[in-house]
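Here the structure comes first, spelled out in C-alpha cells, and everything after it is commentary.
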Amino acid sequence: MFAKELGIDLGSANTAIVARRRGIVAREPSVVAVDRYTREVLAVGAKARHMIGRTPDSILSVQPVRAGVICDLDRTTALIRHMIRQIANSRFLRPRLVLTAQSGVGGVDRRALLDAAVQAGAGEVFLIDKTVAAGLGADLPVEKPTGSLVVDIGGGTTDAAVISLGAVVVAGSVPVAGDSLDEAIARHIRREHNLIIGEPTAERVKIQLGSALPPTDRHLTVSGRQVTTGLPTAIQISADEVYSALREPLARIDGLLLNLLERTPPELVADIATAGIVLTGGSAQLERLPERLSQLTGLPVRVAENPEDAVAVGTTRALDNRGVLQLVSARKK
C-alpha cells in the first residue's frame, strides 16, 4: 500500500489537513485538552474546544500554537497526530507530509517541529514556510526568479513575505489578525456601552459591519451581558463605531507592509509593482482591505481565490511538483 500524501496547515485558531487530489478533508480548532496534573491528553480539536468553560479546574484547554509560534511541543505533537489519524487511521501507514511553519521560526524550532511530525506518525516530512505555501495556493510563481509579495492574515498573526526562487527574501510578522480584530470590537463595546459580548458575537459584528476604510451607514443589534447589572441587554452599534475599533490593529498591519517594502531589493519591488500584492487568510476578506492597502502602497492589491484555504491548498500543490517541493522545503525522513 502506498503511503498517503497529506498537507497540514498548522494555525493558531484552526488546523486544516489536506489530502493530495482530494482537497481539504478536515479542519479542527487548534486546541488540546489536558489533565492539569498528569498532563495526559484528554481531547483534541473540536472536542477540546467544546470543553472550554465547561470542565473542572483539573482540565486545562491549551492552544499549542499561539500567534503563529509553537509554544507547547508535546501538545503540538498530539494535535498533528490527531489530524493525521483523521484520514490515515492505520498505525502501519506513515503518510508523506508537508507541514507549514512561520517564516520567523528558527532552526532549532524547525527541527523540533519536524521531529514532532515524525513522532505523530508521519513518514517523510517536508516543512515549508507558511507564506510560501500561501503563494503556491494563490497560484503565484514562487519557484521562479521573480518577486511575489504575499500577506497572510490568519487567526493569530499577519505574516508578510517577498518570495523568489522558492525562498523567503524578506519577511515580517505582527501578532495581529482575525482574533485581534474580534478582541478590539469586544473591548470597544465593553468600554463604550458597558456590554460584555462573546467571541462569536464579536466575529459576527466584524463580518457584518467591519471595514478597513470608512464604511456606509449600517447598524446591527448586538446582545450581551450588562457590566453593571449582569442582565442580558441588546444594543445597536454602527459600522462607524466598528471602524473606529479596528483602526489600531489595522494600522499595525499597515506598518508591517510598509516596513517589508522598505527592506525589499529594488529589482523585486519592480516585479511586485507589476504583479501586485496578494492577500490570503480568512481575515483578508475584511471589507475594503485591498483598497486600503492599495492606497497605502500605491500598488495593486487583490485577495486570492478561497483565501482561507490558500495555505492548506499550497501544501498539496507542493506535493504535486517534486522539484518545487525540494526547492521550497526542509526535509526529514
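Following the order of the C-alpha cells, chains are lettered A, B, ..., residues in each are numbered from 1, and ligands are numbered from 1.
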
Q | Within 12 Å of segment 59-63 of chain A using only C-alpha atoms, minus same-chain residues under 3 positions, as an MDAnalysis selection string | A | chainID A and resid 10:15 29:56 66:76 78:79 156

Restricting the output to C-alpha atoms, write the selected residues as a PDB file, in the first residue's frame.
```pdb
ATOM      1  CA  LEU A  10      -0.947  24.397  11.485  1.00  0.00           C
ATOM      2  CA  GLY A  11      -2.686  27.583  12.583  1.00  0.00           C
ATOM      3  CA  SER A  12      -3.224  29.444  15.839  1.00  0.00           C
ATOM      4  CA  ALA A  13      -7.009  29.196  15.632  1.00  0.00           C
ATOM      5  CA  ASN A  14      -7.612  26.222  13.334  1.00  0.00           C
ATOM      6  CA  THR A  15      -5.641  23.405  11.754  1.00  0.00           C
ATOM      7  CA  PRO A  29      -9.739  24.073  16.243  1.00  0.00           C
ATOM      8  CA  SER A  30      -6.073  24.083  17.316  1.00  0.00           C
ATOM      9  CA  VAL A  31      -6.974  23.179  20.899  1.00  0.00           C
ATOM     10  CA  VAL A  32      -5.802  20.304  23.103  1.00  0.00           C
ATOM     11  CA  ALA A  33      -7.435  19.455  26.465  1.00  0.00           C
ATOM     12  CA  VAL A  34      -5.055  18.023  29.070  1.00  0.00           C
ATOM     13  CA  ASP A  35      -5.210  16.913  32.676  1.00  0.00           C
ATOM     14  CA  ARG A  36      -3.655  19.770  34.629  1.00  0.00           C
ATOM     15  CA  TYR A  37      -1.825  17.399  36.994  1.00  0.00           C
ATOM     16  CA  THR A  38      -0.858  14.349  34.902  1.00  0.00           C
ATOM     17  CA  ARG A  39      -0.534  16.254  31.552  1.00  0.00           C
ATOM     18  CA  GLU A  40      -2.449  13.421  29.887  1.00  0.00           C
ATOM     19  CA  VAL A  41      -4.154  14.432  26.644  1.00  0.00           C
ATOM     20  CA  LEU A  42      -7.930  14.085  27.085  1.00  0.00           C
ATOM     21  CA  ALA A  43      -9.290  15.555  23.849  1.00  0.00           C
ATOM     22  CA  VAL A  44      -8.112  17.296  20.696  1.00  0.00           C
ATOM     23  CA  GLY A  45      -9.747  19.636  18.206  1.00  0.00           C
ATOM     24  CA  ALA A  46     -13.490  20.278  18.311  1.00  0.00           C
ATOM     25  CA  LYS A  47     -13.995  18.101  21.399  1.00  0.00           C
ATOM     26  CA  ALA A  48     -11.322  20.042  23.286  1.00  0.00           C
ATOM     27  CA  ARG A  49     -12.770  23.381  22.145  1.00  0.00           C
ATOM     28  CA  HIS A  50     -16.186  22.325  23.428  1.00  0.00           C
ATOM     29  CA  MET A  51     -14.673  21.718  26.874  1.00  0.00           C
ATOM     30  CA  ILE A  52     -13.624  25.363  27.327  1.00  0.00           C
ATOM     31  CA  GLY A  53     -15.573  26.828  30.237  1.00  0.00           C
ATOM     32  CA  ARG A  54     -17.453  23.586  30.816  1.00  0.00           C
ATOM     33  CA  THR A  55     -14.945  21.476  32.752  1.00  0.00           C
ATOM     34  CA  PRO A  56     -13.494  21.305  36.276  1.00  0.00           C
ATOM     35  CA  ARG A  66      -0.161  30.940  19.650  1.00  0.00           C
ATOM     36  CA  ALA A  67       0.425  33.951  17.441  1.00  0.00           C
ATOM     37  CA  GLY A  68       1.889  31.561  14.878  1.00  0.00           C
ATOM     38  CA  VAL A  69       4.563  30.246  17.267  1.00  0.00           C
ATOM     39  CA  ILE A  70       4.693  26.733  18.723  1.00  0.00           C
ATOM     40  CA  CYS A  71       4.689  27.158  22.493  1.00  0.00           C
ATOM     41  CA  ASP A  72       3.934  23.570  23.602  1.00  0.00           C
ATOM     42  CA  LEU A  73       5.696  20.933  21.533  1.00  0.00           C
ATOM     43  CA  ASP A  74       4.121  17.898  23.232  1.00  0.00           C
ATOM     44  CA  ARG A  75       0.613  19.215  22.682  1.00  0.00           C
ATOM     45  CA  THR A  76       1.534  20.189  19.121  1.00  0.00           C
ATOM     46  CA  ALA A  78      -0.796  15.431  19.890  1.00  0.00           C
ATOM     47  CA  LEU A  79      -2.578  17.847  17.561  1.00  0.00           C
ATOM     48  CA  GLY A 156      -3.367  34.830  15.349  1.00  0.00           C
TER      49      GLY A 156
END
```

Q: Would you please give, as a PyMOL selection string, all residues of segment 152-316 of chain A that DSSP assigns to alpha helix (DSSP H) based on the backbone?
A: chain A and resi 178-193+199-209+239-262+266-275+289-297+310-316

Considering only C-alpha atoms, return as an mmCIF file with C-alpha atoms, in the first residue's frame whatever protein or nucleic-acid residues lie within 10 Å of Ala273 of chain A, sequence-local ones (same chain, fewer than 4 positions apart) excluded.
```cif
data_model
loop_
_atom_site.group_PDB
_atom_site.id
_atom_site.type_symbol
_atom_site.label_atom_id
_atom_site.label_comp_id
_atom_site.auth_asym_id
_atom_site.auth_seq_id
_atom_site.Cartn_x
_atom_site.Cartn_y
_atom_site.Cartn_z
ATOM 1 C CA GLY A 147 9.366 38.716 -6.694
ATOM 2 C CA SER A 148 5.974 37.770 -5.231
ATOM 3 C CA LEU A 149 4.560 39.537 -2.171
ATOM 4 C CA LEU A 268 11.975 42.647 -6.640
ATOM 5 C CA VAL A 269 9.977 45.811 -5.879
ATOM 6 C CA ILE A 277 0.246 42.212 -3.614
ATOM 7 C CA THR A 297 1.375 51.417 -1.002
ATOM 8 C CA GLY A 298 0.343 52.670 -4.433
ATOM 9 C CA LEU A 299 0.424 49.045 -5.645
ATOM 10 C CA PRO A 300 -2.352 46.799 -6.953
ATOM 11 C CA VAL A 301 -3.744 44.526 -4.223
#
```

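Distance-wise, atom CA of Asp217 of chain A and atom CA of Ile153 of chain A end up 26.2 Å apart.
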
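With only C-alpha atoms as the atoms that count, the minimum distance from Thr201 of chain A to the choices A:Gly121, A:Gly107, A:Gly224, A:Pro290 is reached by A:Gly224.
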
Q | Within 12 Å of Arg21 of chain A using only C-alpha atoms, minus same-chain residues under 3 positions, as an NGL selection string | A | :A and (4-7 or 18 or 24-25 or 313 or 315-320)

Produce a file of the selected residues containing N, CA and C atoms, as a CSV table (one decimal), in the first residue's frame.
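Okay, out32.csv is ready:
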```
chain,number,residue,atom,x,y,z
A,4,LYS,N,-0.2,7.6,2.2
A,4,LYS,CA,-1.0,8.8,1.8
A,4,LYS,C,-0.1,10.0,1.8
A,5,GLU,N,-0.4,11.0,1.0
A,5,GLU,CA,0.3,12.2,0.9
A,5,GLU,C,-0.6,13.3,1.4
A,6,LEU,N,-0.2,14.0,2.5
A,6,LEU,CA,-1.0,14.9,3.2
A,6,LEU,C,-0.3,16.3,3.4
A,7,GLY,N,-1.1,17.3,3.5
A,7,GLY,CA,-0.6,18.6,3.9
A,7,GLY,C,-1.3,19.1,5.2
A,18,VAL,N,-5.1,18.4,4.4
A,18,VAL,CA,-5.4,18.3,3.0
A,18,VAL,C,-4.8,17.0,2.5
A,24,ILE,N,-9.3,19.7,1.0
A,24,ILE,CA,-9.3,19.8,2.4
A,24,ILE,C,-10.3,18.7,2.9
A,25,VAL,N,-9.8,17.8,3.8
A,25,VAL,CA,-10.6,16.7,4.3
A,25,VAL,C,-11.0,16.9,5.8
A,313,VAL,N,-4.1,24.5,0.6
A,313,VAL,CA,-4.0,24.1,-0.8
A,313,VAL,C,-2.6,24.1,-1.3
A,315,THR,N,0.1,23.4,0.3
A,315,THR,CA,0.9,22.3,0.8
A,315,THR,C,0.8,21.1,-0.2
A,316,THR,N,-0.4,20.9,-0.7
A,316,THR,CA,-0.6,19.8,-1.7
A,316,THR,C,-0.1,20.1,-3.1
A,317,ARG,N,-0.1,21.4,-3.4
A,317,ARG,CA,0.5,21.8,-4.7
A,317,ARG,C,2.0,21.6,-4.7
A,318,ALA,N,2.6,21.7,-3.5
A,318,ALA,CA,4.0,21.4,-3.4
A,318,ALA,C,4.2,19.9,-3.6
A,319,LEU,N,3.3,19.1,-3.0
A,319,LEU,CA,3.4,17.6,-3.2
A,319,LEU,C,3.2,17.2,-4.7
A,320,ASP,N,2.5,18.0,-5.4
A,320,ASP,CA,2.2,17.6,-6.8
A,320,ASP,C,3.5,17.9,-7.7
```

I'd like the neighbourhood of Thr131 of chain A as an mmCIF file with C-alpha atoms, in the first residue's frame, where a residue qualifies if any of its atoms comes within 7 Å (using only C-alpha atoms), though same-chain residues fewer than 3 positions away should be ignored.
```cif
data_model
loop_
_atom_site.group_PDB
_atom_site.id
_atom_site.type_symbol
_atom_site.label_atom_id
_atom_site.label_comp_id
_atom_site.auth_asym_id
_atom_site.auth_seq_id
_atom_site.Cartn_x
_atom_site.Cartn_y
_atom_site.Cartn_z
ATOM 1 C CA ALA A 134 0.107 30.637 0.651
ATOM 2 C CA GLY A 135 1.822 31.798 -2.541
ATOM 3 C CA VAL A 150 2.104 37.558 -0.026
ATOM 4 C CA ASP A 152 -1.348 36.052 5.014
ATOM 5 C CA ASP A 159 2.661 37.212 8.039
ATOM 6 C CA ALA A 160 4.065 39.013 5.031
ATOM 7 C CA ALA A 161 6.909 37.887 2.791
#
```

Q: For segment 307-310 of chain A, please output as an NGL selection string all residues within 10 Å (counting only C-alpha atoms; exclusion window: fewer than 2 positions along the same chain).
A: :A and (9 or 16 or 18 or 23-24 or 130-131 or 133-139 or 152-154 or 278-285 or 303-305 or 312-315)

Write the selection just made, keeping N, CA and C atoms, as a compact mmCIF listing (two decimals), in the first residue's frame?
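Now in part21.txt:
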```
# COMPACT_ATOMS: atom_id res chain seq x y z
N ASP A 9 -1.94 22.56 7.51
CA ASP A 9 -1.77 23.98 7.80
C ASP A 9 -2.00 24.15 9.29
N ALA A 16 -5.93 22.73 9.45
CA ALA A 16 -6.58 22.05 8.34
C ALA A 16 -5.66 20.96 7.80
N VAL A 18 -5.10 18.42 4.42
CA VAL A 18 -5.42 18.31 3.01
C VAL A 18 -4.84 17.02 2.48
N GLY A 23 -8.32 17.55 -1.79
CA GLY A 23 -8.63 18.83 -1.17
C GLY A 23 -8.67 18.71 0.35
N ILE A 24 -9.26 19.72 0.99
CA ILE A 24 -9.32 19.76 2.44
C ILE A 24 -10.30 18.69 2.93
N LYS A 130 4.96 29.17 5.77
CA LYS A 130 3.53 29.37 5.56
C LYS A 130 3.26 30.34 4.41
N THR A 131 4.06 31.40 4.30
CA THR A 131 3.84 32.35 3.22
C THR A 131 4.14 31.74 1.86
N ALA A 133 3.70 28.53 1.13
CA ALA A 133 2.53 27.70 0.87
C ALA A 133 1.36 28.57 0.41
N ALA A 134 1.19 29.73 1.05
CA ALA A 134 0.11 30.64 0.65
C ALA A 134 0.30 31.09 -0.79
N GLY A 135 1.55 31.40 -1.16
CA GLY A 135 1.82 31.80 -2.54
C GLY A 135 1.50 30.70 -3.53
N LEU A 136 1.88 29.46 -3.20
CA LEU A 136 1.54 28.33 -4.07
C LEU A 136 0.03 28.17 -4.18
N GLY A 137 -0.67 28.28 -3.05
CA GLY A 137 -2.13 28.15 -3.07
C GLY A 137 -2.82 29.26 -3.83
N ALA A 138 -2.16 30.41 -3.93
CA ALA A 138 -2.72 31.55 -4.66
C ALA A 138 -2.25 31.61 -6.11
N ASP A 139 -1.59 30.52 -6.57
CA ASP A 139 -1.13 30.41 -7.97
C ASP A 139 -0.04 31.41 -8.33
N ASP A 152 -0.43 37.06 4.50
CA ASP A 152 -1.35 36.05 5.01
C ASP A 152 -1.91 36.53 6.35
N ILE A 153 -3.21 36.80 6.40
CA ILE A 153 -3.86 37.33 7.59
C ILE A 153 -4.73 36.22 8.16
N GLY A 154 -4.20 35.52 9.14
CA GLY A 154 -4.89 34.36 9.70
C GLY A 154 -5.69 34.70 10.94
N VAL A 278 -0.72 40.08 -3.00
CA VAL A 278 -1.80 39.09 -2.87
C VAL A 278 -2.07 38.84 -1.40
N LEU A 279 -3.35 38.91 -1.03
CA LEU A 279 -3.78 38.67 0.34
C LEU A 279 -4.37 37.28 0.47
N THR A 280 -3.98 36.56 1.51
CA THR A 280 -4.55 35.25 1.81
C THR A 280 -4.96 35.22 3.28
N GLY A 281 -5.61 34.13 3.69
CA GLY A 281 -6.08 34.01 5.06
C GLY A 281 -7.52 34.47 5.19
N GLY A 282 -8.22 33.92 6.18
CA GLY A 282 -9.64 34.23 6.34
C GLY A 282 -9.91 35.71 6.55
N SER A 283 -9.04 36.41 7.29
CA SER A 283 -9.29 37.82 7.59
C SER A 283 -8.94 38.75 6.44
N ALA A 284 -8.37 38.20 5.35
CA ALA A 284 -8.15 39.00 4.15
C ALA A 284 -9.47 39.43 3.52
N GLN A 285 -10.56 38.80 3.95
CA GLN A 285 -11.87 39.10 3.39
C GLN A 285 -12.55 40.30 4.06
N VAL A 303 -7.29 39.92 -3.37
CA VAL A 303 -7.49 38.80 -2.46
C VAL A 303 -7.45 37.51 -3.29
N ALA A 304 -6.71 36.52 -2.85
CA ALA A 304 -6.64 35.24 -3.55
C ALA A 304 -8.00 34.56 -3.57
N GLU A 305 -8.20 33.71 -4.54
CA GLU A 305 -9.42 32.90 -4.58
C GLU A 305 -9.39 31.93 -3.39
N ALA A 312 -3.36 25.83 3.04
CA ALA A 312 -3.58 24.38 3.01
C ALA A 312 -3.47 23.84 1.59
N VAL A 313 -4.09 24.51 0.64
CA VAL A 313 -4.03 24.07 -0.76
C VAL A 313 -2.59 24.11 -1.26
N GLY A 314 -1.82 25.12 -0.82
CA GLY A 314 -0.43 25.24 -1.24
C GLY A 314 0.42 24.06 -0.82
N THR A 315 0.10 23.43 0.32
CA THR A 315 0.90 22.27 0.75
C THR A 315 0.75 21.11 -0.22
```
